[in-house]
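Trainee: Starting off with a structure, shown below.
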Number of protein chains: 4
Amino acid sequence: MKLWQKKDFNIDKAIEKFTVGNENIIDQKLVKYDCIASIAHAKALHKAGILNKTELSQLIAGLEEIMLLDSKGEFKITVEQEDCHTAIENHLTKKLGKLGKKIHTGRSRNDQIIVALRLYERHELEEIISAVSRLIEELNKFSSKNSKIPIPGYTHLRKAMPYAVGKWAEAFSESFRDDLALINSSKKLINQNPLGSAAGYGVPVLNIDRNLTQKLLGFDKVQNNTLYVQNSRGKFELMVLNSLNNLMLDINKLSTDLWLFTSSEFGYFELPKEFSMGSSIMPHKANPDVLEIARAKAGMMKSYCDAVNNIILNLPSGYNGDFKLTKEPLFNGIEMAGSSADIMAQIINGLKVNEKRCREAMTSELYTAEEAAKLVKQGMPFREAYQEVASGINKKKQD
Amino acid sequence: MKLWQKKDFNIDKAIEKFTVGNENIIDQKLVKYDCIASIAHAKALHKAGILNKTELSQLIAGLEEIMLLDSKGEFKITVEQEDCHTAIENHLTKKLGKLGKKIHTGRSRNDQIIVALRLYERHELEEIISAVSRLIEELNKFSSKNSKIPIPGYTHLRKAMPYAVGKWAEAFSESFRDDLALINSSKKLINQNPLGSAAGYGVPVLNIDRNLTQKLLGFDKVQNNTLYVQNSRGKFELMVLNSLNNLMLDINKLSTDLWLFTSSEFGYFELPKEFSMGSSIMPHKANPDVLEIARAKAGMMKSYCDAVNNIILNLPSGYNGDFKLTKEPLFNGIEMAGSSADIMAQIINGLKVNEKRCREAMTSELYTAEEAAKLVKQGMPFREAYQEVASGINKKKQD
Amino acid sequence: MKLWQKKDFNIDKAIEKFTVGNENIIDQKLVKYDCIASIAHAKALHKAGILNKTELSQLIAGLEEIMLLDSKGEFKITVEQEDCHTAIENHLTKKLGKLGKKIHTGRSRNDQIIVALRLYERHELEEIISAVSRLIEELNKFSSKNSKIPIPGYTHLRKAMPYAVGKWAEAFSESFRDDLALINSSKKLINQNPLGSAAGYGVPVLNIDRNLTQKLLGFDKVQNNTLYVQNSRGKFELMVLNSLNNLMLDINKLSTDLWLFTSSEFGYFELPKEFSMGSSIMPHKANPDVLEIARAKAGMMKSYCDAVNNIILNLPSGYNGDFKLTKEPLFNGIEMAGSSADIMAQIINGLKVNEKRCREAMTSELYTAEEAAKLVKQGMPFREAYQEVASGINKKKQD
Amino acid sequence: MKLWQKKDFNIDKAIEKFTVGNENIIDQKLVKYDCIASIAHAKALHKAGILNKTELSQLIAGLEEIMLLDSKGEFKITVEQEDCHTAIENHLTKKLGKLGKKIHTGRSRNDQIIVALRLYERHELEEIISAVSRLIEELNKFSSKNSKIPIPGYTHLRKAMPYAVGKWAEAFSESFRDDLALINSSKKLINQNPLGSAAGYGVPVLNIDRNLTQKLLGFDKVQNNTLYVQNSRGKFELMVLNSLNNLMLDINKLSTDLWLFTSSEFGYFELPKEFSMGSSIMPHKANPDVLEIARAKAGMMKSYCDAVNNIILNLPSGYNGDFKLTKEPLFNGIEMAGSSADIMAQIINGLKVNEKRCREAMTSELYTAEEAAKLVKQGMPFREAYQEVASGINKKKQD
């Protein structure tokens, strides 16, 4: 039975299926965080005089039991239950009777889902930050190891000026550090306590201490206006996803470079054989699917941002049923960011440099800017030096 | 064992997991279509002298067995098998020994996946066309039933001119008919035979009759250039999704109208109680979640288009590993279009008109354009008639 | 003075600037089409008895004068006039006095803008179709000229199987032909007469013959439901842009191939010197900016589709002020498609093949699928032939 | 003459037009910032011994003259000059002869454009922050003035619980404050010195002090890796646009609320007459175009993010010609954010509350959650209280 289901009421089955979708499966990720938030909420209910000490202990024990079951994969949300909130309340009521019917006092699923999402996001962003840090470390190791090997620097995919393999890798490690800064900004911004805002218009009659739950849940502050709590649904998720999109764009560029540089035409790098896949028709092939998948995931991540943004466009204030659909792209995006950073770290760890091909590629045109600079050093104005070197190149071509 | 796996070769497990993703689950939808195409391919191999008559019969029997198992949900693709193509070949080889090893002659997974996708798309588009046709029928019934009930016509969400409930519904039925035309265009455009193009560069040595498989599979023509077959991957899927996006935009507008018109402020329509959902905190609520979900799905559909488009941007000719990721948004989009059209048909079927509220809303300002037109009929130039009526309104306001 | 401005009324200047934006400049493109539609509309007013024969002639002469001025760049819409409709009516009224005030009888800017847009779109799509046809011709010429030159076929940007330069070009010409089919479908779908639907709720009192204007303007049919006319705003523009996006995706792939194949690492093709741009610091550079810009324009085109789609998401039926913003991405997208097809035709016309580099690239691994096929021809099951060839390759590597 | 043009070289005119596009017009916005950066660069050249003291003074005077001309609208970039960098160097060379040819020493247009963009972005973000701050102030004033007027709180666009007009406005002011935090994060992240990275591979031979230009230009730090400078092109612009998109989403929601609440059906608020626009056919209309345009601009902003993201997807490291196209969406987005915040401030300033309509809307169903809470206060478990109140509502309906 759903939390809002009245005694004389039956929802149409097809409508239910369409409306709930796969929410019961998706919500499985939130069970733990809903329990953590529910424990904090129970403490606030105790402070407000709604629960006595024994009741509080029993509810906490019940919620901890659910977390334990969940960690073992034994707490399953059914379609009829629709979401994690219902499954948890049902479990408590089944176990604790009347007491279970008290846990939803002073809250709504509207603030309950938001608090669970934020705890989840905060935790996952920390995991992603660790994964990106490991990737940065791998890039740094690779950079140090190959600091002396030259490689052409490209502009417009045309040989431009001399560079070094180590510097190439360093470009990415500096880039990923900036990504971490933006991820941290998002993490900080969403770290506000939504609990106590209920359906978006506060808790009537009862006295729920929002500062208490803020402290218990480690939020930086209370999100003060109760309507803003609802209005930030989707907006905060988009902010999180946009910061991860930034990360995926860097992974996309890194993959693209590797895809080019491991081709036989460039040949600067080699993917270990066990990272490649074969062809069903051509026996000789060793394909860089892993790079292409990593690259394509950036396109997918952008579509997750797109989904959340589309869904919230042109909607009025307050909770809208549309918000439910923002969960799936959020969960997908978070999973993707972490696993992609992990795999890139592994790839960089296994990546080999073909020093011979690198050195062979250091052809003379890479040094024209240097030649011009030397003429400048001798006193020639730069633009004249540029024309002088250019004429020399043309003369050579005509010879 | 994968189709391309050589005897001395082991792929890294983490790389495999990342690269394969949930492809084995996703591909389940394609088993049937891969078998149908494989039967046609086997006939072409027979004609080319690669298979004798008995071998052909045995392979067809094997493939039909797979289709039967699949229809009962008993043919499962494992992670190690990676995709439906491998699962099917493995099954045939296990059952038929050496003969199973012949089925992949003269083809590549690159054309095999495309042929399966097109058969799948064609079939699903037909199902969607049926669902939309049912929706149009419901709208037509609703339109006839309510043709005489007046309702304000809006521009800028401000009362504009008189309209009728029946005409309002007719607007959507005419719109959905145009959507069907675009869906049919996409269906026609993708109905080209990719088989025989192999990895994108044709089948060497052997003589595979592409016209034969075209006829057997009901394609309108052979997609002639073999590289174009690969280059149309993603492009064709985007075309299909864009035509469905068009449909979802209409469902989005229909849902938005219903969401407004069933609100207590407008009150023109009523959703049956069994189509509504409740609130966990406010006992009085009957929420139109079904309309909001239908509306939000248009935003999701657009993100599926976005995903496919992002993935294929800036990629060179020929098969790229990135293409694998286009399957999930395609499958999601197709499922969404059909189920949304179905649910809208059901909603229109159950929708009630509150005639009293409709009639009460027919206030005088709705008739100013008519007043001006009457003055025109009497010979006054339109722009003067407009100013005349406008002055009258202002005078009334000041009184 | 604006069409809707009443005598005692002043719009706030900042609001006006924000609301009108650059619409007066953008609308310049529509003056011609608005006049053409106004002539047809005047004929319908004549048939309805609103205009006598002399009045009709005078209005037609006035509208033809505007078209002449416009063709010489001498008809300019001012900011105060806001849009082309107002500028045209103002001009007629200034010239013809009271008669000018009659032209807006029985129509609204809401159907007036739509009819102008459709005539514009139809004309521009025809121009684009011509440009794409020229591009196809260039590709065919290039293909014939280079049909015998071999080039490696790639999958995953790794050498796969032998191909020919001519076949590579043919892939694109076949692809562009499919694009034309989709563009033609869009052109057909939008070719419906919106005139006579006025603000979205028809013309009261007066008898405007919608079949007459349909025939005069060359539309395939009347768009029957008047509300649907408004609901198709944005939807039709998106359909047009999506069909052009398809085209740009092909231009994107063609540019990407050329960008790779003209690099020194691949070297199969050469861009004529006069198609390249230089570097401000490196005297030796000849950069393929034109290819990169053509490629990037596909990303821009997609953003135009995105804009129109975003704007119409979650909007209710009837005219909404938001629609104004859909004009700019539409105009941008149409201009882009035509000019990009033109430039690609010119590039293909000037493109040179470096036959020597092509032939040098035809290395042995390109022939493994052929080797396996030969073993199949001799009777070996394909999967065994595949393993046999694979073992051979590995042995060679170890030697 | 372009900076990279050699003496024997002519670019094809059509190619030039396509490649340059409207860059010369767009770049007009950057003249000032390019001059500021060039002055800093000249100082670094002086420190490096390339320019003597007199030369430095002359170049600074020349650059200041350009800034003065530009501020009066008298410095125009021509199509042949292509961009602001060329126009500035040409001007200096015309004025200072050989000395003008020295200014480009030790830099490339690749780092020159990035430094100009960052100075521009930083300045514009500060302007936007001011505009948003004014909007917050207006919301706060409106909130205080209307703190006691009740208004229904909505969920699912259905009356939910009692709220206050002041609290409604406060939701937005809190939301905009969070937007400022994200805009500030972007501003901080992009505030890194790119100068001295030249084409992406550093400055050969000469000794350009990157810390000096960092301090002179007020950057927080040097962007250390020279390739990363190029790789952050587009990425930083997307970060800026994403932070502005966040802002536009809030403006979108505010506009949507106002659009609903100023309709005759809701009637809680009134737009001043001078903020409304009329209809060309219906004399009575006062349309909220300004709200619809503000709302639609959020859809446009998202398309600017989309454009930049699409363009940089799947590109390899280093400068790519595609980057040029990222300027237009950036400039458009920045202009839009500032002007939209400005206009919203003005709207809130003029907005009127219809207290009578607000009070009439406070119907009984808004108090069911309160009733349930009162029963809880008396000791009833919440879920039972909920069912009790629900039964009461049903009974009333049946009576």
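Every chain in the structure tokens has a letter given in the order shown (A, B, ...), and although residue numbers restart at 1 in each chain, ligands are simply numbered from 1 in the order shown.
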Need to verify the contact set: Gln112 of chain C, 8 Å, only C-alpha atoms, exclusion of same-chain residues closer than 5 positions in sequence. Can you return it as JSON, numbers by chain?
Mentor: {"C": [34, 37, 85, 107, 195, 198]}
Trainee: Please provide as a ChimeraX atom specification all residues within 12 Å of His156 of chain D, with the sequence filter that same-chain residues fewer than 6 positions apart are discarded (counting only C-alpha atoms).
Mentor: /A:110,199-200,230,315-323 /B:256,259-260,262-264,276-279,285-293
Trainee: Can those selected residues be exported to a file as a short mmCIF file (atom, residue, chain, number, x, y, z; two decimals), in the first residue's frame so that it contains C-alpha atoms?
Mentor:
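Saved to part-v5.cif:
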data_model
loop_
_atom_site.label_atom_id
_atom_site.label_comp_id
_atom_site.auth_asym_id
_atom_site.auth_seq_id
_atom_site.Cartn_x
_atom_site.Cartn_y
_atom_site.Cartn_z
CA ASN A 110 8.94 15.82 -1.12
CA ALA A 199 5.83 19.42 0.89
CA GLY A 200 7.45 22.80 0.23
CA GLN A 230 11.42 22.23 -3.86
CA LEU A 315 7.80 24.44 -14.81
CA PRO A 316 6.23 26.56 -12.06
CA SER A 317 7.33 26.66 -8.43
CA GLY A 318 6.74 23.82 -6.04
CA TYR A 319 6.93 20.09 -6.41
CA ASN A 320 6.03 18.75 -9.85
CA GLY A 321 5.60 15.08 -10.68
CA ASP A 322 8.07 15.55 -13.52
CA PHE A 323 10.91 15.60 -10.99
CA THR B 256 0.30 20.41 -20.44
CA TRP B 259 -2.61 19.66 -16.43
CA LEU B 260 -3.82 23.27 -16.68
CA THR B 262 -7.90 19.97 -14.76
CA SER B 263 -6.60 22.42 -12.15
CA SER B 264 -9.19 23.97 -9.84
CA SER B 276 -4.65 10.29 -9.88
CA MET B 277 -2.09 9.78 -7.16
CA GLY B 278 -2.03 11.07 -3.60
CA SER B 279 0.29 12.95 -1.29
CA LYS B 285 -4.68 15.65 -2.71
CA ALA B 286 -5.42 13.96 -6.05
CA ASN B 287 -2.38 14.67 -8.15
CA PRO B 288 -2.07 14.39 -11.92
CA ASP B 289 1.27 12.55 -11.78
CA VAL B 290 0.38 10.66 -14.93
CA LEU B 291 0.17 13.91 -16.90
CA GLU B 292 3.40 15.23 -15.43
CA ILE B 293 5.22 12.00 -16.20
#
Trainee: Could you pull the residues within 6 Å of Ala307 of chain B, counting only C-alpha atoms, minus those fewer than 2 positions along the same chain, as a PyMOL selection string?
Mentor: (chain A and resi 299-300+303) or (chain B and resi 304-305+309-310)
Trainee: Any idea what's packed within 8 Å of Gln81 of chain A, counting only C-alpha atoms, ignoring anything in its chain fewer than 5 positions away? Could you give it as a JSON list (two decimals) with all heavy atoms, in the first residue's frame?
Mentor:
[["chain", "number", "residue", "atom", "x", "y", "z"],
["A", 1, "MET", "N", 0.84, -1.21, 0.00],
["A", 1, "MET", "CA", 0.00, 0.00, 0.00],
["A", 1, "MET", "C", 0.87, 1.24, 0.00],
["A", 1, "MET", "O", 1.87, 1.33, 0.69],
["A", 1, "MET", "CB", -0.88, -0.01, 1.26],
["A", 1, "MET", "CG", -2.01, 0.99, 1.19],
["A", 1, "MET", "SD", -3.28, 0.65, 2.43],
["A", 1, "MET", "CE", -3.66, 2.33, 2.97],
["A", 2, "LYS", "N", 0.51, 2.20, -0.81],
["A", 2, "LYS", "CA", 1.29, 3.42, -0.91],
["A", 2, "LYS", "C", 1.01, 4.34, 0.27],
["A", 2, "LYS", "O", -0.02, 4.26, 0.91],
["A", 2, "LYS", "CB", 0.95, 4.14, -2.21],
["A", 2, "LYS", "CG", 1.43, 3.39, -3.43],
["A", 2, "LYS", "CD", 0.93, 4.01, -4.70],
["A", 2, "LYS", "CE", 1.41, 3.16, -5.88],
["A", 2, "LYS", "NZ", 1.13, 1.70, -5.74],
["A", 24, "ASN", "N", 10.98, 1.84, -8.53],
["A", 24, "ASN", "CA", 11.27, 0.95, -7.40],
["A", 24, "ASN", "C", 12.68, 0.36, -7.51],
["A", 24, "ASN", "O", 13.38, 0.18, -6.52],
["A", 24, "ASN", "CB", 10.21, -0.16, -7.28],
["A", 24, "ASN", "CG", 10.18, -1.07, -8.49],
["A", 24, "ASN", "OD1", 10.19, -0.61, -9.63],
["A", 24, "ASN", "ND2", 10.16, -2.38, -8.26],
["A", 86, "THR", "N", 8.17, 4.49, 0.83],
["A", 86, "THR", "CA", 7.05, 3.63, 1.17],
["A", 86, "THR", "C", 7.54, 2.29, 1.70],
["A", 86, "THR", "O", 7.03, 1.76, 2.69],
["A", 86, "THR", "CB", 6.18, 3.42, -0.09],
["A", 86, "THR", "OG1", 5.88, 4.71, -0.63],
["A", 86, "THR", "CG2", 4.89, 2.69, 0.25],
["A", 87, "ALA", "N", 8.54, 1.74, 1.02],
["A", 87, "ALA", "CA", 9.07, 0.45, 1.44],
["A", 87, "ALA", "C", 9.58, 0.51, 2.87],
["A", 87, "ALA", "O", 9.34, -0.40, 3.67],
["A", 87, "ALA", "CB", 10.19, 0.02, 0.48]]
Trainee: List as a PyMOL selection string the protein and nucleic acid residues near Thr105 of chain B, meaning an atom at most 12 Å away when only C-alpha atoms are counted, but skip any in the same chain fewer than 5 places from it.
Mentor: (chain A and resi 280-282) or (chain B and resi 38+41-46+48-51+89+99-100+112+196+198+203-208) or (chain C and resi 369-370+372-377+379-386)
Trainee: Would you mind listing what lies within 10 Å of Gly267 of chain C as a list in words, with only C-alpha atoms counted and same-chain residues fewer than 3 positions away left out?
Mentor: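 The residues satisfying every condition are Glu265 of chain A; Leu258, Leu260, Phe261, Thr262, Ser263, Ser264, Glu270, Val353, Asn354, Glu355, Lys356, Arg357, Cys358 and Ala361 of chain C.
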Trainee: Please dump the current selection as an mmCIF file, in the first residue's frame; keep C-alpha atoms.
Mentor:
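Heads up, here's the output in again22.cif:
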data_model
loop_
_atom_site.group_PDB
_atom_site.id
_atom_site.type_symbol
_atom_site.label_atom_id
_atom_site.label_comp_id
_atom_site.auth_asym_id
_atom_site.auth_seq_id
_atom_site.Cartn_x
_atom_site.Cartn_y
_atom_site.Cartn_z
ATOM 1 C CA GLU A 265 49.601 6.390 -38.602
ATOM 2 C CA LEU C 258 39.261 15.175 -44.864
ATOM 3 C CA LEU C 260 42.379 13.269 -40.939
ATOM 4 C CA PHE C 261 43.288 12.276 -44.484
ATOM 5 C CA THR C 262 44.981 15.617 -45.288
ATOM 6 C CA SER C 263 47.184 15.392 -42.172
ATOM 7 C CA SER C 264 50.838 14.532 -42.727
ATOM 8 C CA GLU C 270 45.712 17.413 -50.162
ATOM 9 C CA VAL C 353 44.570 12.730 -54.102
ATOM 10 C CA ASN C 354 48.136 11.762 -53.226
ATOM 11 C CA GLU C 355 48.136 8.426 -55.001
ATOM 12 C CA LYS C 356 51.624 7.544 -53.832
ATOM 13 C CA ARG C 357 50.736 7.842 -50.153
ATOM 14 C CA CYS C 358 47.510 5.910 -50.760
ATOM 15 C CA ALA C 361 49.370 2.613 -47.050
#
Trainee: Can you work out which one of C:Leu96, C:Leu3, C:Ile77, C:Leu212 has the shortest atom-to-atom distance to chain B, counting only C-alpha atoms?
Mentor: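 Closest to chain B, using only C-alpha atoms: C:Leu3.
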Trainee: Quick check for you: according to DSSP on this backbone, which residues of segment 64-272 of chain D are classed as strand (DSSP E)? Reply as a ChimeraX atom specification.
Mentor: /D:150-155,158-164,192-193,221-222,269-270
Trainee: Give me, as a PyMOL selection string, the residues of segment 127-285 of chain D that a backbone DSSP run labels alpha helix (DSSP H).
Mentor: chain D and resi 127-145+165-190+210-217+226-231+235-261
Trainee: Kindly indicate which residue among B:Glu274, B:Asp12, B:Asp27, B:Glu371 lies nearest to chain D, using only C-alpha atoms for the distances.
Mentor: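 Of all the options, B:Glu371 lies closest to chain D.
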Trainee: So the first atom is atom CA of Met301 of chain C and the second is atom CA of Ser175 of chain C; what is the distance between them in Å, to one decimal place?
Mentor: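 Atom-to-atom, atom CA of Met301 of chain C and atom CA of Ser175 of chain C are spaced 18.2 Å apart.
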Trainee: Need the shell around Ala131 of chain C: protein/DNA/RNA residues with any atom at most 8 Å away, counting only C-alpha atoms. Skip same-chain ones fewer than 5 positions apart. Format as a list in words?
Mentor: Gly338, Ala341 and Asp342 of chain C
Trainee: Distance atom CA of Gly392 of chain D-atom CA of His284 of chain B, one decimal place?
Mentor: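 Between atom CA of Gly392 of chain D and atom CA of His284 of chain B the gap works out to 9.5 Å.
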